[in-house]
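Dropping protein.txt in here (compact mmCIF, C-alpha atoms):
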# COMPACT_ATOMS: atom_id res chain seq x y z
CA MET A 1183 0.00 0.00 0.00
CA THR A 1184 1.11 3.58 -0.68
CA THR A 1185 0.41 6.01 2.15
CA THR A 1186 -1.70 8.66 0.47
CA PHE A 1187 -4.41 8.67 3.14
CA ILE A 1188 -3.13 11.65 5.14
CA ARG A 1189 -2.67 13.99 2.17
CA SER A 1190 -6.42 14.62 1.79
CA THR A 1191 -7.12 15.57 5.42
CA ALA A 1192 -8.91 18.75 6.48
CA ILE A 1193 -8.80 20.61 9.80
CA GLY A 1194 -11.78 22.09 11.65
CA ARG A 1195 -12.22 24.60 14.49
CA PRO A 1196 -10.57 23.43 17.73
CA ILE A 1197 -11.73 22.81 21.25
CA THR A 1198 -9.48 25.04 23.38
CA LYS A 1199 -8.92 25.03 27.13
CA ARG A 1200 -5.99 26.38 29.19
CA GLY A 1201 -3.66 26.72 26.23
CA VAL A 1202 -4.39 23.25 24.80
CA ALA A 1203 -6.22 23.06 21.47
CA ILE A 1204 -7.69 19.86 20.04
CA PHE A 1205 -8.25 20.32 16.30
CA PRO A 1206 -10.69 17.93 14.60
CA VAL A 1207 -9.37 16.09 11.54
CA TYR A 1208 -11.58 15.00 8.65
CA ARG A 1209 -10.79 12.82 5.64
CA PRO A 1210 -13.12 13.87 2.80
CA GLY A 1211 -13.82 11.04 0.40
CA ALA A 1212 -12.74 8.28 2.78
CA PRO A 1213 -14.71 5.00 2.34
CA ASP A 1214 -17.94 4.81 4.32
CA SER A 1215 -17.73 1.07 4.98
CA ARG A 1216 -16.34 -0.20 8.27
CA LEU A 1217 -12.89 -1.74 8.50
CA GLY A 1218 -14.04 -4.99 10.09
CA VAL A 1219 -11.88 -4.64 13.22
CA VAL A 1220 -13.12 -4.35 16.80
CA ARG A 1221 -11.75 -3.21 20.13
CA PRO A 1222 -10.84 -5.67 22.93
CA ASP A 1223 -13.68 -7.11 24.98
CA GLY A 1224 -13.85 -9.26 28.10
CA GLY A 1225 -12.52 -12.37 26.37
CA PHE A 1226 -9.34 -10.71 25.10
CA GLN A 1227 -6.23 -11.66 27.12
CA VAL A 1228 -2.84 -10.00 27.53
CA ARG A 1229 -0.04 -11.91 29.28
CA GLU A 1230 3.69 -12.23 29.70
CA LYS A 1231 5.50 -14.66 27.44
CA ALA A 1232 6.12 -18.15 28.87
CA THR A 1233 9.66 -16.92 29.41
CA PRO A 1234 8.95 -13.27 30.30
CA THR A 1235 10.81 -10.55 28.40
CA VAL A 1236 10.37 -6.78 28.67
CA PRO A 1237 9.80 -5.76 25.01
CA ILE A 1238 7.34 -8.49 23.95
CA LEU A 1239 3.96 -9.54 25.34
CA GLU A 1240 1.52 -12.18 24.17
CA VAL A 1241 -2.16 -11.56 23.41
CA GLU A 1242 -4.95 -14.03 22.77
CA ASN A 1243 -8.02 -13.11 20.74
CA PRO A 1244 -10.74 -15.80 21.12
CA ASN A 1245 -13.24 -13.89 18.99
CA PRO A 1246 -13.77 -14.36 15.24
CA GLU A 1247 -13.21 -10.67 14.48
CA PRO A 1248 -9.74 -9.08 14.34
CA VAL A 1249 -8.99 -6.87 17.37
CA VAL A 1250 -7.05 -3.59 17.03
CA LEU A 1251 -4.78 -2.09 19.70
CA PHE A 1252 -3.37 1.40 19.24
CA ALA A 1253 0.16 2.72 19.63
CA GLY A 1254 0.51 4.42 23.01
CA GLU A 1255 -2.10 2.38 24.89
CA THR A 1256 -0.93 1.12 28.27
CA LEU A 1257 -1.25 -2.45 29.52
CA GLU A 1258 -1.92 -2.81 33.23
CA GLY A 1259 -0.58 -5.60 35.44
CA GLY A 1260 1.84 -8.40 34.58
CA ARG A 1261 5.38 -8.13 35.89
CA GLN A 1262 5.43 -4.40 35.06
CA GLN A 1263 3.22 -1.89 33.30
CA ARG A 1264 3.91 -1.55 29.55
CA VAL A 1265 3.00 0.78 26.67
CA LEU A 1266 2.37 -0.38 23.11
CA ASN A 1267 5.05 0.72 20.63
CA GLN A 1268 2.93 0.45 17.49
CA SER A 1269 -0.65 -0.16 16.44
CA VAL A 1270 -1.41 -3.84 15.84
CA ILE A 1271 -4.31 -5.94 14.53
CA ILE A 1272 -4.70 -9.33 16.20
CA PRO A 1273 -6.32 -11.92 13.90
CA GLY A 1274 -9.49 -13.64 15.06
CA ARG A 1275 -9.05 -16.81 17.15
CA SER A 1276 -5.28 -16.44 17.41
CA VAL A 1277 -2.37 -15.87 19.75
CA CYS A 1278 0.04 -13.13 18.71
CA ASP A 1279 3.07 -11.21 20.03
CA ILE A 1280 2.97 -7.43 20.44
CA PRO A 1281 5.90 -4.95 20.84
CA VAL A 1282 5.97 -2.88 24.04
CA SER A 1283 8.11 -0.65 26.24
CA CYS A 1284 8.23 -0.63 30.05
CA VAL A 1285 6.66 2.28 31.94
CA GLU A 1286 7.38 0.91 35.43
CA GLN A 1287 11.14 0.75 35.84
CA GLY A 1288 11.31 -0.51 39.43
CA ARG A 1289 9.23 -3.70 39.25
CA TRP A 1290 9.80 -7.12 37.70
CA HIS A 1291 7.44 -9.41 39.58
CA GLY A 1292 3.74 -10.16 39.81
CA ALA A 1293 1.18 -12.02 37.73
CA GLN A 1294 1.59 -13.47 34.25
CA GLU A 1295 -1.79 -12.04 33.25
CA PHE A 1296 -2.55 -8.37 32.65
CA ARG A 1297 -5.74 -6.66 33.76
CA GLY A 1298 -6.21 -5.39 30.23
CA VAL A 1299 -5.77 -2.29 28.10
CA GLY A 1300 -5.63 0.95 30.07
CA GLU A 1301 -5.18 4.66 29.39
CA MET A 1302 -3.46 6.29 26.43
CA ALA A 1303 0.01 7.40 27.54
CA PRO A 1304 0.95 11.10 27.45
CA PRO A 1305 2.37 12.29 24.11
CA SER A 1306 6.04 12.47 25.16
CA ILE A 1307 5.95 8.84 26.31
CA ARG A 1308 4.12 7.74 23.18
CA ARG A 1309 6.79 9.39 21.03
CA SER A 1310 9.61 7.64 22.88
CA ALA A 1311 7.82 4.28 22.72
CA ASN A 1312 7.34 4.75 18.97
CA ARG A 1313 11.13 5.15 18.72
CA ARG A 1314 11.59 2.02 20.89
CA ASP A 1315 14.00 3.93 23.11
CA GLN A 1316 13.51 2.31 26.52
CA ASN A 1317 15.81 4.65 28.43
CA GLU A 1318 14.04 7.64 26.92
CA VAL A 1319 10.64 6.18 27.91
CA TRP A 1320 11.81 5.81 31.52
CA SER A 1321 13.16 9.36 31.46
CA GLU A 1322 9.83 10.73 30.21
CA VAL A 1323 7.90 8.83 32.90
CA HIS A 1324 10.25 10.21 35.56
CA SER A 1325 9.82 13.78 34.22
CA LEU A 1326 6.04 13.45 34.19
CA LEU A 1327 5.90 12.20 37.79
CA LEU A 1328 8.30 14.93 38.91
CA SER A 1329 6.38 17.72 37.18
CA SER A 1330 3.12 16.37 38.65
CA HIS A 1331 4.64 16.29 42.17
CA LEU A 1332 4.08 12.53 42.40
CA SER A 1333 6.27 9.75 43.75
CA SER A 1334 6.20 6.04 42.96
CA ASP A 1335 8.31 3.30 44.53
CA THR A 1336 8.48 1.58 41.14
CA SER A 1337 8.53 4.71 38.93
CA ALA A 1338 5.17 3.63 37.50
CA LEU A 1339 3.23 5.68 34.96
CA ASP A 1340 0.13 4.24 36.63
CA GLU A 1341 0.77 6.55 39.59
CA TYR A 1342 -0.03 9.49 37.30
CA PHE A 1343 -3.22 7.83 36.07
CA ARG A 1344 -4.37 7.09 39.62
CA SER A 1345 -3.85 10.71 40.65
CA ARG A 1346 -5.97 12.26 37.90
CA PRO A 1347 -9.51 11.63 39.22
CA THR A 1348 -8.72 13.74 42.31
CA SER A 1349 -6.84 16.50 40.46
CA HIS A 1350 -8.37 19.96 40.02
CA ASP A 1351 -8.23 19.51 36.23
CA ALA A 1352 -10.33 16.32 36.13
CA ALA A 1353 -13.69 18.08 35.76
CA MET A 1354 -12.33 20.35 33.04
CA VAL A 1355 -10.99 17.40 31.03
CA ASP A 1356 -14.31 15.54 31.40
CA GLU A 1357 -16.11 18.63 30.12
CA VAL A 1358 -13.88 18.83 27.04
CA ALA A 1359 -14.38 15.11 26.36
CA SER A 1360 -18.16 15.62 26.43
CA TRP A 1361 -17.91 18.00 23.45
CA GLY A 1362 -16.80 15.42 20.90
CA PRO A 1363 -16.07 13.75 18.68
CA LEU A 1364 -17.97 15.59 15.94
CA PRO A 1365 -19.88 13.84 13.13
CA GLU A 1366 -17.54 12.34 10.51
CA GLN A 1367 -14.47 13.35 12.51
CA THR A 1368 -11.67 10.81 12.08
CA GLY A 1369 -8.77 12.27 14.07
CA ILE A 1370 -7.20 15.05 16.11
CA VAL A 1371 -4.17 17.30 16.15
CA VAL A 1372 -3.19 18.52 19.62
CA MET A 1373 -1.43 21.86 20.10
CA ASN A 1374 -0.20 23.41 23.33
CA ARG A 1375 0.43 27.17 23.33
CA GLY A 1376 1.49 27.33 19.71
CA ARG A 1377 3.34 23.99 19.57
CA VAL A 1378 2.08 20.84 17.85
CA VAL A 1379 2.14 18.02 20.41
CA SER A 1380 0.61 15.02 18.64
CA ALA A 1381 -1.67 13.83 15.86
CA ASP A 1382 -3.88 10.75 15.54
CA VAL A 1383 -5.83 9.86 12.41
CA PHE A 1384 -8.11 6.82 12.19
CA GLY A 1385 -9.62 4.99 9.23
CA ASP A 1386 -13.09 4.90 10.74
CA PRO A 1387 -14.95 7.52 12.84
CA ALA A 1388 -16.08 4.68 15.12
CA LEU A 1389 -12.46 3.94 16.05
CA LEU A 1390 -11.87 7.57 16.99
CA ALA A 1391 -15.09 7.50 19.04
CA SER A 1392 -13.85 4.43 20.92
CA MET A 1393 -10.62 6.27 21.81
CA TRP A 1394 -11.95 9.80 22.23
CA GLU A 1395 -12.00 10.16 26.01
CA THR A 1396 -8.57 8.62 26.58
CA LEU A 1397 -7.06 10.73 23.77
CA VAL A 1398 -8.48 13.89 25.35
CA ARG A 1399 -7.00 12.95 28.73
CA SER A 1400 -3.66 12.26 27.02
CA ALA A 1401 -3.80 15.66 25.29
CA PHE A 1402 -3.97 17.48 28.61
CA ALA A 1403 -0.96 15.54 29.87
CA SER A 1404 1.28 17.30 27.35
CA GLU A 1405 4.02 19.61 28.58
CA VAL A 1406 2.75 23.16 29.04
CA GLY A 1407 4.34 25.66 26.71
CA SER A 1408 5.98 28.70 28.29
CA ASP A 1409 4.80 31.28 25.74
CA THR A 1410 1.34 32.28 26.96
CA SER A 1411 0.86 34.62 23.98
CA ALA A 1412 1.45 31.92 21.34
CA ARG A 1413 -1.60 31.01 19.25
CA ASN A 1414 -2.75 27.52 18.35
CA ARG A 1415 -3.22 27.93 14.59
CA ALA A 1416 -5.06 25.60 12.22
CA ASP A 1417 -2.55 26.22 9.41
CA LYS A 1418 0.27 25.01 11.66
CA ALA A 1419 -1.71 21.88 12.63
CA LEU A 1420 -2.44 21.12 8.98
CA GLY A 1421 1.17 21.81 8.05
CA PHE A 1422 2.32 19.22 10.57
CA LEU A 1423 0.00 16.59 9.07
CA ARG A 1424 1.33 17.36 5.60
CA ARG A 1425 4.92 17.12 6.83
CA PHE A 1426 4.15 13.71 8.32
CA ASP A 1427 2.54 12.66 5.03
CA ARG A 1428 5.72 13.57 3.14
CA GLU A 1429 7.85 11.56 5.56
CA VAL A 1430 5.62 8.47 5.68
CA ARG A 1431 4.72 8.46 1.97
CA GLY A 1432 5.63 5.32 0.09
CA PRO A 1433 4.87 1.60 0.27
CA LEU A 1434 4.06 0.07 3.65
CA GLY A 1435 5.64 -3.26 4.48
CA ARG A 1436 3.86 -6.17 6.08
CA SER A 1437 3.63 -5.70 9.84
CA ASP A 1438 5.86 -7.99 11.90
CA PHE A 1439 3.04 -8.20 14.45
CA GLY A 1440 -0.46 -9.33 13.49
CA LEU A 1441 -2.33 -8.34 10.35
CA GLY A 1442 -1.89 -5.42 7.99
CA GLU A 1443 0.81 -3.19 6.58
CA TRP A 1444 2.86 -0.90 8.79
CA ARG A 1445 5.51 1.77 8.53
CA GLN A 1446 7.57 3.64 11.12
CA VAL A 1447 8.90 7.17 10.65
CA VAL A 1448 11.77 8.55 12.75
CA THR A 1449 13.42 11.70 11.37
CA ASP A 1450 14.91 14.80 12.94
CA ARG A 1451 11.49 16.52 12.58
CA VAL A 1452 8.78 13.83 12.83
CA THR A 1453 8.33 10.59 14.74
CA GLY A 1454 5.33 8.43 13.87
CA GLN A 1455 3.79 5.25 12.54
CA ALA A 1456 0.98 4.17 10.23
CA LEU A 1457 -1.01 0.92 10.06
CA ALA A 1458 -3.26 -0.12 7.17
CA LEU A 1459 -5.41 -3.17 6.42
CA ASN A 1460 -6.47 -4.20 2.91
CA ASN A 1461 -5.20 -0.88 1.49
CA ARG A 1462 -7.15 1.22 4.00
CA LEU A 1463 -5.84 3.29 6.88
CA VAL A 1464 -6.49 1.91 10.35
CA HIS A 1465 -4.43 4.31 12.47
CA ALA A 1466 -1.61 6.81 12.06
CA SER A 1467 0.03 8.74 14.89
CA ALA A 1468 2.74 11.39 14.75
CA PHE A 1469 4.77 13.65 17.06
CA PRO A 1470 7.41 16.35 16.60
CA SER A 1471 10.77 14.65 17.11
CA GLY A 1472 12.21 17.33 19.40
CA ARG A 1473 11.24 17.92 23.02

As a first step, turn the structure in this file into structure tokens.
Amino acid sequence: MTTTFIRSTAIGRPITKRGVAIFPVYRPGAPDSRLGVVRPDGGFQVREKATPTVPILEVENPNPEPVVLFAGETLEGGRQQRVLNQSVIIPGRSVCDIPVSCVEQGRWHGAQEFRGVGEMAPPSIRRSANRRDQNEVWSEVHSLLLSSHLSSDTSALDEYFRSRPTSHDAAMVDEVASWGPLPEQTGIVVMNRGRVVSADVFGDPALLASMWETLVRSAFASEVGSDTSARNRADKALGFLRRFDREVRGPLGRSDFGLGEWRQVVTDRVTGQALALNNRLVHASAFPSGR
């Protein structure tokens, strides 16, 4: 497949709160039919390998439909909390490996089974996981806990997630989440005080809807820009998507994990990944490469 699916995107008016803007992304002319993939349900299992190893987990999909997991989603439990490095599609009635990074540096014990798929990690951690840089992932988790005035005996990202329901921003984030997604919206670009933070584009509005609340919470976990006068501009958000399109353009290779075609992008300007199935976009995510 050739990655031409981002080139035709359009940007709408953003939701803006406290310097963070969430721009809606649309893909005019995208196919109306569903992709035929579903999100995990109660029968879906995530577990450590028989011989546990940090960068690989095992998932079992007992259902007939393929299950999609998205880059940046966290996996709770096991010997340590992990974050998914890339989006993957698990075939129906199969067992499959998935690539992950650790977001709990100080623990290597516990159950073989995971409690399931959790929150979307903050953008800086997602970017580092996309690059598969484990030391950088740990550094970003440490910085997030430090800036949030949190401590964790195991340096666990989960400590940040547990703190959010009691934070003063929780009601504000819930309010923003209640405003979307909009009809036919297929993605978002997040900006923070004039800086692009992240972008996610899906092949089906239903997939965005399934991820909407956790993506909004992730958006407000981005580092706060220092320039309070900087504007979050639609042309800059669209320009970032077009830059990512130029970098990711070309044939996608077969994914090493599960179904579909996948491509990673790591340049001095853009870090990202794109997953397609049967010549149709499933999910693309992108981040500026610099801090």

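Note that the spacing between atom CA of A:Phe1426 and atom CA of A:His1324 amounts to 28.1 Å.
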
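The shortest atom-to-atom distance to A:Ser1306, with all atoms listed in the file taken into account, belongs to A:Val1379 out of A:Ile1197, A:Cys1278, A:Ala1253, A:Val1379.
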
Residue among A:Ala1391, A:Ala1468, A:Ala1412, A:Ala1232 lying closest to A:Glu1429, counting all atoms listed in the file: A:Ala1468

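Pairwise distance (atom CA of A:Thr1235, atom CA of A:Trp1290) equals 10.0 Å.
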
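If all atoms listed in the file are the atoms counted, then among A:Glu1318, A:Glu1286, A:Asp1382, A:Glu1301 the closest residue to A:Arg1346 is A:Glu1301.
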
Which residues are close to A:Arg1289, i.e. within 12 Å by all atoms listed in the file, leaving aside same-chain residues fewer than 6 positions away? Reply as a count of residues only. 13
